[in-house]
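Peer 1: If it helps, the file is called query-v2.csv and holds CSV, C-alpha atoms:
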```
chain,number,residue,atom,x,y,z
A,1,MET,CA,-52.8,-92.9,54.1
A,2,GLY,CA,-53.0,-94.1,50.5
A,3,HIS,CA,-53.2,-97.7,49.4
A,4,LEU,CA,-49.5,-98.1,48.5
A,5,GLU,CA,-48.4,-96.6,51.8
A,6,ARG,CA,-50.7,-98.9,53.7
A,7,LEU,CA,-49.4,-101.9,51.8
A,8,GLN,CA,-45.7,-101.0,52.2
A,9,GLU,CA,-46.3,-100.4,55.9
A,10,GLY,CA,-47.7,-103.9,56.1
A,11,MET,CA,-44.7,-105.3,54.1
A,12,VAL,CA,-42.3,-103.8,56.6
A,13,ARG,CA,-44.2,-105.3,59.5
A,14,GLY,CA,-44.3,-108.7,57.8
A,15,GLY,CA,-40.6,-108.7,56.7
A,16,PHE,CA,-41.3,-108.5,53.0
A,17,ASP,CA,-38.6,-107.0,50.7
A,18,ALA,CA,-40.9,-107.0,47.7
A,19,LEU,CA,-44.2,-108.3,46.3
A,20,LEU,CA,-44.7,-109.8,42.9
A,21,LEU,CA,-48.4,-109.9,42.2
A,22,GLY,CA,-50.3,-111.7,39.5
A,23,GLY,CA,-53.8,-110.8,40.6
A,24,GLU,CA,-55.5,-107.9,38.9
A,25,ALA,CA,-57.2,-106.4,42.0
A,26,ALA,CA,-54.1,-106.6,44.1
A,27,GLY,CA,-52.0,-105.0,41.4
A,28,GLN,CA,-54.5,-102.1,40.9
A,29,PHE,CA,-54.7,-101.6,44.6
A,30,ALA,CA,-50.9,-101.3,44.9
A,31,ALA,CA,-50.1,-99.3,41.8
A,32,GLY,CA,-53.2,-97.3,41.3
A,33,HIS,CA,-53.7,-98.0,37.6
A,34,PHE,CA,-57.0,-99.1,36.2
A,35,ARG,CA,-56.0,-101.9,33.7
A,36,ILE,CA,-53.3,-104.5,33.5
A,37,GLY,CA,-54.2,-106.3,30.3
A,38,VAL,CA,-54.4,-110.0,29.6
A,39,HIS,CA,-51.8,-112.7,30.3
A,40,MET,CA,-51.6,-116.1,28.7
A,41,PRO,CA,-54.2,-118.6,30.1
A,42,GLY,CA,-52.6,-120.9,32.6
A,43,TRP,CA,-49.5,-118.8,32.9
A,44,PRO,CA,-50.1,-115.9,35.2
A,45,ILE,CA,-46.8,-114.0,35.2
A,46,PRO,CA,-46.2,-111.4,38.0
A,47,VAL,CA,-47.5,-108.2,36.5
A,48,THR,CA,-47.0,-105.8,39.5
A,49,PHE,CA,-43.8,-105.4,41.4
A,50,VAL,CA,-44.0,-103.6,44.7
A,51,PRO,CA,-40.8,-102.7,46.6
A,52,SER,CA,-41.0,-102.2,50.4
A,53,SER,CA,-40.3,-98.5,49.7
A,54,GLY,CA,-40.5,-96.5,46.5
A,55,VAL,CA,-42.7,-96.7,43.3
A,56,PRO,CA,-44.1,-100.0,41.9
A,57,HIS,CA,-43.4,-101.3,38.4
A,58,ILE,CA,-46.2,-102.8,36.3
A,59,VAL,CA,-46.4,-104.9,33.2
A,60,THR,CA,-49.4,-103.8,31.1
A,61,ALA,CA,-50.9,-103.9,27.6
A,62,ASP,CA,-52.5,-100.5,28.4
A,63,PRO,CA,-49.9,-97.9,29.3
A,64,ASP,CA,-52.6,-95.1,29.1
A,65,GLY,CA,-54.2,-96.7,32.2
A,66,ALA,CA,-51.1,-96.0,34.3
A,67,VAL,CA,-50.5,-92.3,33.8
A,68,ASN,CA,-50.1,-92.0,37.6
A,69,LEU,CA,-46.8,-93.9,37.4
A,70,PRO,CA,-43.4,-92.7,36.0
A,71,ALA,CA,-43.0,-93.8,32.4
A,72,ASP,CA,-39.9,-96.0,33.2
A,73,HIS,CA,-42.1,-97.9,35.7
A,74,VAL,CA,-44.7,-98.9,33.1
A,75,HIS,CA,-43.6,-101.9,30.9
A,76,GLY,CA,-45.2,-103.5,27.9
A,77,MET,CA,-46.4,-107.2,28.1
A,78,MET,CA,-43.3,-109.4,28.2
A,79,TRP,CA,-44.1,-112.4,26.1
A,80,ASN,CA,-40.5,-113.6,26.3
A,81,PRO,CA,-39.9,-114.9,29.8
A,82,GLU,CA,-36.2,-114.0,29.6
A,83,THR,CA,-37.2,-110.3,29.3
A,84,LEU,CA,-39.1,-110.5,32.6
A,85,VAL,CA,-36.1,-112.2,34.3
A,86,THR,CA,-33.8,-109.4,33.2
A,87,GLU,CA,-36.2,-106.7,34.2
A,88,LEU,CA,-36.8,-108.2,37.7
A,89,ARG,CA,-33.1,-108.2,38.4
A,90,SER,CA,-32.9,-104.5,37.5
A,91,TRP,CA,-35.9,-103.7,39.7
A,92,VAL,CA,-34.3,-105.1,42.8
A,93,GLN,CA,-31.1,-103.4,41.9
A,94,GLY,CA,-29.0,-106.5,42.2
A,95,ALA,CA,-30.1,-107.3,45.8
A,96,THR,CA,-29.9,-111.0,46.8
A,97,GLY,CA,-31.5,-113.1,49.6
A,98,LEU,CA,-34.8,-111.3,49.4
A,99,ARG,CA,-38.1,-112.3,51.0
A,100,VAL,CA,-40.6,-112.0,48.2
A,101,GLY,CA,-44.3,-112.3,48.6
A,102,THR,CA,-46.6,-113.5,45.8
A,103,ASP,CA,-50.4,-114.0,45.4
A,104,ALA,CA,-51.5,-115.9,42.3
A,105,LEU,CA,-48.8,-117.6,40.3
A,106,SER,CA,-48.5,-120.7,38.1
A,107,PRO,CA,-45.5,-123.0,38.5
A,108,GLY,CA,-44.1,-121.3,35.4
A,109,GLY,CA,-44.5,-117.9,37.0
A,110,ARG,CA,-42.7,-119.1,40.2
A,111,ALA,CA,-39.9,-120.6,38.1
A,112,LEU,CA,-39.4,-117.1,36.5
A,113,ILE,CA,-39.0,-115.5,39.9
A,114,GLU,CA,-36.6,-118.1,41.1
A,115,ALA,CA,-34.5,-117.7,37.9
A,116,ALA,CA,-34.5,-113.9,38.3
A,117,LEU,CA,-33.9,-113.8,42.0
A,118,PRO,CA,-31.7,-116.8,43.0
A,119,GLY,CA,-31.3,-117.3,46.7
A,120,SER,CA,-34.5,-115.4,47.5
A,121,THR,CA,-37.3,-116.9,49.6
A,122,ILE,CA,-40.7,-116.9,47.9
A,123,VAL,CA,-43.7,-116.9,50.4
A,124,ASP,CA,-47.5,-116.5,50.2
A,125,ALA,CA,-48.6,-112.9,50.7
A,126,THR,CA,-52.3,-113.6,50.6
A,127,ARG,CA,-52.8,-112.8,54.3
A,128,LEU,CA,-51.0,-109.5,54.0
A,129,LEU,CA,-53.1,-108.5,51.0
A,130,ALA,CA,-56.3,-109.5,52.7
A,131,GLU,CA,-55.4,-107.4,55.8
A,132,VAL,CA,-54.7,-104.3,53.8
A,133,MET,CA,-57.3,-104.6,51.0
A,134,LEU,CA,-60.3,-105.8,52.9
A,135,THR,CA,-60.7,-102.7,55.1
A,136,LYS,CA,-62.0,-99.7,53.3
A,137,SER,CA,-62.0,-96.0,54.1
A,138,PRO,CA,-65.3,-94.3,55.0
A,139,GLU,CA,-65.3,-92.6,51.5
A,140,GLU,CA,-64.8,-95.9,49.8
A,141,ILE,CA,-67.6,-97.5,51.8
A,142,GLU,CA,-69.9,-94.6,50.8
A,143,ALA,CA,-68.9,-95.1,47.2
A,144,LEU,CA,-69.6,-98.9,47.4
A,145,GLY,CA,-73.0,-98.2,48.9
A,146,GLN,CA,-73.9,-95.9,46.0
A,147,LEU,CA,-72.5,-98.5,43.5
A,148,CYS,CA,-74.6,-101.2,45.1
A,149,ALA,CA,-77.7,-99.0,44.8
A,150,PHE,CA,-77.0,-98.5,41.1
A,151,VAL,CA,-76.4,-102.2,40.3
A,152,THR,CA,-79.5,-103.2,42.3
A,153,ALA,CA,-81.7,-100.8,40.4
A,154,ALA,CA,-80.4,-102.2,37.2
A,155,ALA,CA,-81.0,-105.8,38.4
A,156,GLU,CA,-84.6,-104.8,39.3
A,157,GLU,CA,-85.1,-103.6,35.7
A,158,GLY,CA,-83.7,-107.0,34.6
A,159,LEU,CA,-86.3,-108.8,36.6
A,160,ARG,CA,-89.1,-106.7,35.1
A,161,GLY,CA,-87.9,-106.5,31.5
A,162,GLY,CA,-85.3,-109.2,31.0
A,163,ARG,CA,-81.8,-108.9,29.6
A,164,PRO,CA,-82.7,-105.9,27.2
A,165,ALA,CA,-84.0,-103.9,30.2
A,166,LEU,CA,-80.9,-104.8,32.3
A,167,LEU,CA,-78.5,-103.8,29.6
A,168,ARG,CA,-80.3,-100.5,29.1
A,169,ALA,CA,-80.1,-99.8,32.8
A,170,LEU,CA,-76.3,-100.6,32.7
A,171,HIS,CA,-75.6,-98.5,29.6
A,172,GLY,CA,-72.1,-96.9,30.0
A,173,ALA,CA,-71.2,-99.0,33.0
A,174,PHE,CA,-68.2,-101.4,33.0
A,175,VAL,CA,-69.8,-104.8,33.6
A,176,VAL,CA,-67.4,-107.2,35.3
A,177,SER,CA,-68.8,-110.5,34.0
A,178,PHE,CA,-71.6,-111.7,31.7
A,179,PRO,CA,-74.9,-111.0,33.7
A,180,GLN,CA,-77.1,-113.9,34.5
A,181,VAL,CA,-80.8,-113.0,33.8
A,182,SER,CA,-84.0,-115.0,34.0
A,183,ALA,CA,-87.6,-114.3,34.9
A,184,ARG,CA,-86.8,-114.8,38.6
A,185,HIS,CA,-83.1,-114.3,39.0
A,186,VAL,CA,-80.5,-111.6,38.2
A,187,THR,CA,-76.8,-111.6,39.0
A,188,VAL,CA,-74.7,-108.7,37.8
A,189,ALA,CA,-71.5,-106.9,38.9
A,190,VAL,CA,-70.1,-103.5,37.8
A,191,ARG,CA,-66.8,-101.7,38.3
A,192,ARG,CA,-66.8,-98.0,38.9
A,193,GLY,CA,-63.9,-95.8,40.1
A,194,GLY,CA,-61.8,-99.0,40.6
A,195,LEU,CA,-64.5,-100.5,42.9
A,196,ILE,CA,-66.7,-103.5,42.2
A,197,GLY,CA,-70.4,-103.7,43.4
A,198,GLU,CA,-72.8,-106.6,42.7
A,199,ALA,CA,-76.4,-107.4,42.9
A,200,ARG,CA,-77.9,-110.9,43.4
A,201,LEU,CA,-81.7,-111.1,43.3
A,202,GLY,CA,-83.6,-114.3,43.2
A,203,PRO,CA,-85.3,-117.2,44.9
A,204,GLY,CA,-83.8,-118.1,48.3
A,205,ASP,CA,-84.1,-118.5,52.0
A,206,ALA,CA,-84.1,-115.0,53.5
A,207,ASN,CA,-83.7,-116.4,57.0
A,208,ARG,CA,-80.4,-118.1,56.1
A,209,GLY,CA,-79.1,-114.7,54.9
A,210,GLU,CA,-80.2,-113.1,58.2
A,211,ARG,CA,-78.5,-115.8,60.2
A,212,ALA,CA,-75.3,-115.3,58.2
A,213,LEU,CA,-75.2,-111.6,59.0
A,214,GLU,CA,-75.5,-112.4,62.7
A,215,CYS,CA,-72.2,-114.3,62.4
A,216,LEU,CA,-70.2,-111.3,61.1
A,217,ARG,CA,-68.5,-109.5,64.0
A,218,ALA,CA,-65.5,-107.3,63.9
A,219,GLY,CA,-62.7,-108.8,66.0
A,220,SER,CA,-63.6,-112.4,65.0
A,221,THR,CA,-61.1,-114.5,63.0
A,222,ALA,CA,-62.2,-115.8,59.6
A,223,ALA,CA,-62.2,-119.3,61.0
A,224,GLU,CA,-64.5,-118.3,63.9
A,225,VAL,CA,-67.0,-116.7,61.4
A,226,ALA,CA,-66.8,-119.7,59.1
A,227,ALA,CA,-67.5,-122.1,61.9
A,228,ALA,CA,-70.8,-120.2,62.7
A,229,LEU,CA,-72.1,-119.7,59.2
A,230,PRO,CA,-75.2,-121.6,58.1
A,231,PRO,CA,-74.7,-124.3,55.5
A,232,GLY,CA,-74.7,-123.1,51.9
A,233,VAL,CA,-73.5,-119.6,52.7
A,234,GLU,CA,-70.4,-118.0,51.1
A,235,VAL,CA,-68.7,-114.8,52.3
A,236,VAL,CA,-66.0,-113.1,50.3
A,237,GLY,CA,-64.2,-109.8,50.6
A,238,ILE,CA,-65.4,-107.3,47.9
A,239,GLY,CA,-64.5,-103.8,46.8
A,240,TRP,CA,-61.2,-103.7,44.8
A,241,GLY,CA,-62.1,-107.0,43.3
A,242,TYR,CA,-63.2,-110.3,44.8
A,243,GLU,CA,-60.8,-110.4,47.7
A,244,ALA,CA,-59.7,-112.7,50.6
A,245,PRO,CA,-61.0,-113.9,52.9
A,246,LEU,CA,-63.2,-116.6,51.4
A,247,LEU,CA,-65.5,-118.2,54.0
A,248,ARG,CA,-67.9,-121.1,53.8
A,249,ASP,CA,-69.5,-123.3,56.4
A,250,GLY,CA,-66.6,-124.6,58.5
A,251,TRP,CA,-63.9,-123.5,56.1
A,252,ALA,CA,-61.9,-120.3,55.7
A,253,THR,CA,-58.9,-118.9,54.0
A,254,PRO,CA,-56.8,-117.3,55.5
A,255,GLU,CA,-58.1,-118.8,58.7
A,256,ASP,CA,-56.4,-116.4,61.2
A,257,LEU,CA,-57.3,-113.2,59.5
A,258,VAL,CA,-59.0,-110.9,62.0
A,259,LEU,CA,-62.0,-109.0,60.6
A,260,GLN,CA,-61.6,-105.3,61.3
A,261,PRO,CA,-64.2,-102.5,61.4
A,262,GLY,CA,-64.3,-101.1,57.8
A,263,ALA,CA,-64.1,-104.6,56.2
A,264,VAL,CA,-66.5,-104.9,53.3
A,265,LEU,CA,-68.0,-108.4,52.6
A,266,ALA,CA,-70.3,-110.0,50.1
A,267,VAL,CA,-72.6,-112.6,51.6
A,268,ARG,CA,-74.1,-115.1,49.2
A,269,TRP,CA,-76.5,-118.0,49.5
A,270,ASP,CA,-78.9,-119.7,47.1
A,271,ARG,CA,-79.3,-117.2,44.3
A,272,CYS,CA,-79.2,-114.2,46.6
A,273,GLY,CA,-76.5,-111.8,47.9
A,274,VAL,CA,-76.0,-108.7,50.0
A,275,THR,CA,-73.1,-106.5,50.7
A,276,VAL,CA,-72.2,-105.3,54.2
A,277,GLY,CA,-69.6,-103.1,55.9
A,278,LEU,CA,-68.4,-104.2,59.3
A,279,GLU,CA,-68.7,-101.7,62.2
A,280,ALA,CA,-67.8,-102.1,65.8
A,281,ASP,CA,-71.3,-103.2,66.8
A,282,GLY,CA,-72.0,-105.5,63.8
A,283,PRO,CA,-72.6,-105.4,60.0
A,284,ARG,CA,-74.2,-102.5,58.2
A,285,LEU,CA,-76.0,-103.2,55.0
A,286,LEU,CA,-74.6,-101.4,51.9
A,287,SER,CA,-77.2,-103.1,49.7
A,288,LEU,CA,-80.8,-104.4,50.1
A,289,SER,CA,-81.5,-106.7,53.1
A,290,PRO,CA,-81.7,-110.5,52.8
A,291,LYS,CA,-85.6,-110.3,52.9
A,292,GLU,CA,-85.5,-107.8,50.0
A,293,VAL,CA,-83.1,-109.8,47.7
A,294,ALA,CA,-84.8,-113.2,48.3
A,295,ARG,CA,-87.7,-113.2,45.8
```
Any chance you could give the structure as structure tokens?
Peer 2:
Amino acid sequence: MGHLERLQEGMVRGGFDALLLGGEAAGQFAAGHFRIGVHMPGWPIPVTFVPSSGVPHIVTADPDGAVNLPADHVHGMMWNPETLVTELRSWVQGATGLRVGTDALSPGGRALIEAALPGSTIVDATRLLAEVMLTKSPEEIEALGQLCAFVTAAAEEGLRGGRPALLRALHGAFVVSFPQVSARHVTVAVRRGGLIGEARLGPGDANRGERALECLRAGSTAAEVAAALPPGVEVVGIGWGYEAPLLRDGWATPEDLVLQPGAVLAVRWDRCGVTVGLEADGPRLLSLSPKEVAR
């Protein structure tokens, strides 16, 4: 089953008529395109519309990145809010009283939805997105393992030769954010095939990382895992972007999310980090071990 089908199946279970997504990773997961573009700082408009059945609409500055979608479902950036209001009404075909899920919206973005879809109920869809996006297929997990190996090898070059060596090792790769490089520490993340892999090598307590891995069990809720994590550890979903859940010592969102086999998580502490895939009997490393990343 593809990403869109899985998401729409979850929408039906959760009683969602539509999703209006502002997050880049969620939009790419749902619609299958590889770029959205840039929205105005502080005003994240919904850029992906997902009906409970049928083909999504996207708003993008890069139509060439959405060749998988019909041309009439790919729309240029709507700098005039009234344009978006008009388009939304046409996308729902005049339906009213809808239950619409959102992820990341500013007050201005919410006001646009309310103006376009009066009488609709707007609810948080973060938990639905976490359930669907966190669990990866075996092929995706294999690809993430290969990506982690590539990024880690580049990070090792950065430790040996500094930023120039790191950049040479990353030549041709899509680097997600500006790498942090010093004589003892490298943090870098790369996107390939729609997936994000990261490496975090540096000084840290390897034992704390090992204890954190022991807390990760399929079938546990996010809140149960967070309650058991050592202090100073952060766990976040990773793969299609940086995804929910976000877990820290004693705190989690969404709290009631159940971690399923196939979930991929980034575990971070100090200046170190590892990536794991959950299996029925515990986590499987997709990257180096805590002892290997703690330098």
Peer 1: From the set A:Gly108, A:Gly10, A:Gly237, A:Gly22, which residue has the shortest atom-to-atom contact distance to A:Ser52, counting only C-alpha atoms?
Peer 2: A:Gly10
Peer 1: What is the atom CA of A:Ala149 to atom CA of A:Gly197 distance in Å?
Peer 2: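 One can read the atom CA of A:Ala149 to atom CA of A:Gly197 distance as 8.8 Å.
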Peer 1: With all atoms listed in the file counted, which protein, DNA or RNA residues have an atom no more than 10 Å from (-54.6, -104.9, 38.1) in the file frame? Please answer as a PyMOL selection string.
Peer 2: chain A and resi 21-38+47-48+58-60+194+240-241
Peer 1: Can you tell me, as a PyMOL selection string, what residues are no more than 9 Å from A:Arg89 when counting all atoms listed in the file, ignoring any on the same chain fewer than 6 positions away?
Peer 2: chain A and resi 95+116-117
Peer 1: Let me make sure I understand: among A:Glu131, A:Glu82, A:Glu156, A:Asp17, which one has the smallest atom-to-atom distance to A:Ser182 if we use all atoms listed in the file?
Peer 2: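 Selected residue with least distance to A:Ser182: A:Glu156.
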Peer 1: So which residues touch A:Ser220 within 9 Å, counting only C-alpha atoms, skipping near sequence neighbours fewer than 4 positions away, as a list in words?
Peer 2: Leu216, Glu224, Val225, Leu257, Val258, Leu259 and Gln260 of chain A
Peer 1: Env of A:Gly97: 7 Å cut, atoms = all atoms listed in the file, seq-sep filter 2 positions within chain, self excluded. Answer as number ranges by chain.
Peer 2: A: 99, 119-121
Peer 1: Record the distance separating atom CA of A:Val85 and atom CA of A:Ala61, expressed in Å with one decimal.
Peer 2: 18.2 Å
Peer 1: May I ask for the distance between atom CA of A:Phe49 and atom CA of A:Ala18, given in Å to one decimal place?
Peer 2: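 Between atom CA of A:Phe49 and atom CA of A:Ala18 the gap works out to 7.1 Å.
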Peer 1: List the spatial neighbours of stretch 227-234 of chain A as a list in words - criterion: any atom at most 6 Å away, only C-alpha atoms, same-chain residues fewer than 4 positions off excluded.
Peer 2: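 Everything that qualifies: Ala212, Leu247, Arg248, Asp249, Gly250, Val267, Arg268 and Trp269 of chain A.
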Peer 1: With all atoms listed in the file as the basis for distance, which of A:Ala169, A:Val181, A:Val123, A:Ala222 is at the shortest distance from A:Ala104?
Peer 2: A:Val123
Peer 1: Within 12 Å of A:Leu170, counting only C-alpha atoms, which residues qualify if same-chain residues fewer than 2 places away don't, as a ChimeraX atom specification?
Peer 2: /A:147,150-158,163-168,172-176,179,188-192
Peer 1: Step by step: locate stretch 85-156 of chain A in the block above, keep C-alpha atoms, then write the file as a PDB file, in the first residue's frame.
Peer 2:
```pdb
ATOM      1  CA  VAL A  85      -9.811  30.785  -0.094  1.00  0.00           C
ATOM      2  CA  THR A  86     -11.406  30.488  -3.534  1.00  0.00           C
ATOM      3  CA  GLU A  87      -9.356  27.436  -4.476  1.00  0.00           C
ATOM      4  CA  LEU A  88     -10.127  25.612  -1.230  1.00  0.00           C
ATOM      5  CA  ARG A  89     -13.838  25.977  -1.840  1.00  0.00           C
ATOM      6  CA  SER A  90     -13.465  24.409  -5.259  1.00  0.00           C
ATOM      7  CA  TRP A  91     -11.308  21.554  -3.926  1.00  0.00           C
ATOM      8  CA  VAL A  92     -14.025  20.483  -1.473  1.00  0.00           C
ATOM      9  CA  GLN A  93     -16.639  20.874  -4.226  1.00  0.00           C
ATOM     10  CA  GLY A  94     -18.879  23.041  -2.111  1.00  0.00           C
ATOM     11  CA  ALA A  95     -19.187  20.553   0.764  1.00  0.00           C
ATOM     12  CA  THR A  96     -19.935  22.034   4.212  1.00  0.00           C
ATOM     13  CA  GLY A  97     -19.627  20.918   7.822  1.00  0.00           C
ATOM     14  CA  LEU A  98     -16.350  19.106   7.152  1.00  0.00           C
ATOM     15  CA  ARG A  99     -13.925  17.722   9.714  1.00  0.00           C
ATOM     16  CA  VAL A 100     -10.563  19.070   8.576  1.00  0.00           C
ATOM     17  CA  GLY A 101      -7.235  18.023  10.064  1.00  0.00           C
ATOM     18  CA  THR A 102      -4.160  20.282  10.110  1.00  0.00           C
ATOM     19  CA  ASP A 103      -0.550  20.022  11.240  1.00  0.00           C
ATOM     20  CA  ALA A 104       1.500  23.238  11.311  1.00  0.00           C
ATOM     21  CA  LEU A 105      -0.495  26.458  10.839  1.00  0.00           C
ATOM     22  CA  SER A 106      -0.178  30.023  12.055  1.00  0.00           C
ATOM     23  CA  PRO A 107      -3.251  31.926  13.278  1.00  0.00           C
ATOM     24  CA  GLY A 108      -3.351  33.530   9.829  1.00  0.00           C
ATOM     25  CA  GLY A 109      -3.363  30.156   8.127  1.00  0.00           C
ATOM     26  CA  ARG A 110      -6.186  28.942  10.367  1.00  0.00           C
ATOM     27  CA  ALA A 111      -8.188  32.074   9.600  1.00  0.00           C
ATOM     28  CA  LEU A 112      -7.850  31.330   5.881  1.00  0.00           C
ATOM     29  CA  ILE A 113      -9.275  27.844   6.352  1.00  0.00           C
ATOM     30  CA  GLU A 114     -12.155  29.144   8.459  1.00  0.00           C
ATOM     31  CA  ALA A 115     -12.966  31.761   5.815  1.00  0.00           C
ATOM     32  CA  ALA A 116     -12.845  29.206   3.004  1.00  0.00           C
ATOM     33  CA  LEU A 117     -14.741  26.435   4.798  1.00  0.00           C
ATOM     34  CA  PRO A 118     -17.274  28.071   7.141  1.00  0.00           C
ATOM     35  CA  GLY A 119     -19.002  25.655   9.480  1.00  0.00           C
ATOM     36  CA  SER A 120     -16.172  23.148   9.310  1.00  0.00           C
ATOM     37  CA  THR A 121     -14.416  21.739  12.374  1.00  0.00           C
ATOM     38  CA  ILE A 122     -10.639  22.180  12.370  1.00  0.00           C
ATOM     39  CA  VAL A 123      -8.749  19.621  14.451  1.00  0.00           C
ATOM     40  CA  ASP A 124      -5.124  18.645  15.085  1.00  0.00           C
ATOM     41  CA  ALA A 125      -4.040  15.779  12.807  1.00  0.00           C
ATOM     42  CA  THR A 126      -0.551  15.385  14.283  1.00  0.00           C
ATOM     43  CA  ARG A 127      -1.313  12.009  15.836  1.00  0.00           C
ATOM     44  CA  LEU A 128      -2.719  10.609  12.575  1.00  0.00           C
ATOM     45  CA  LEU A 129       0.353  11.780  10.660  1.00  0.00           C
ATOM     46  CA  ALA A 130       2.669  10.297  13.286  1.00  0.00           C
ATOM     47  CA  GLU A 131       0.911   6.926  13.112  1.00  0.00           C
ATOM     48  CA  VAL A 132       1.153   6.762   9.336  1.00  0.00           C
ATOM     49  CA  MET A 133       4.553   8.369   8.693  1.00  0.00           C
ATOM     50  CA  LEU A 134       6.609   6.905  11.542  1.00  0.00           C
ATOM     51  CA  THR A 135       6.388   3.277  10.403  1.00  0.00           C
ATOM     52  CA  LYS A 136       8.516   2.539   7.339  1.00  0.00           C
ATOM     53  CA  SER A 137       8.450  -0.341   4.879  1.00  0.00           C
ATOM     54  CA  PRO A 138      11.342  -2.859   4.871  1.00  0.00           C
ATOM     55  CA  GLU A 139      12.609  -1.266   1.640  1.00  0.00           C
ATOM     56  CA  GLU A 140      12.534   2.200   3.201  1.00  0.00           C
ATOM     57  CA  ILE A 141      14.357   0.954   6.301  1.00  0.00           C
ATOM     58  CA  GLU A 142      17.037  -0.594   4.102  1.00  0.00           C
ATOM     59  CA  ALA A 143      17.399   2.685   2.203  1.00  0.00           C
ATOM     60  CA  LEU A 144      17.671   4.604   5.492  1.00  0.00           C
ATOM     61  CA  GLY A 145      20.420   2.260   6.661  1.00  0.00           C
ATOM     62  CA  GLN A 146      22.379   2.894   3.466  1.00  0.00           C
ATOM     63  CA  LEU A 147      21.830   6.636   3.792  1.00  0.00           C
ATOM     64  CA  CYS A 148      23.025   6.615   7.416  1.00  0.00           C
ATOM     65  CA  ALA A 149      26.173   4.773   6.314  1.00  0.00           C
ATOM     66  CA  PHE A 150      26.851   7.397   3.640  1.00  0.00           C
ATOM     67  CA  VAL A 151      26.306  10.347   5.992  1.00  0.00           C
ATOM     68  CA  THR A 152      28.399   8.720   8.725  1.00  0.00           C
ATOM     69  CA  ALA A 153      31.294   8.135   6.330  1.00  0.00           C
ATOM     70  CA  ALA A 154      31.134  11.820   5.365  1.00  0.00           C
ATOM     71  CA  ALA A 155      31.071  12.830   9.040  1.00  0.00           C
ATOM     72  CA  GLU A 156      34.167  10.713   9.687  1.00  0.00           C
TER      73      GLU A 156
END
```
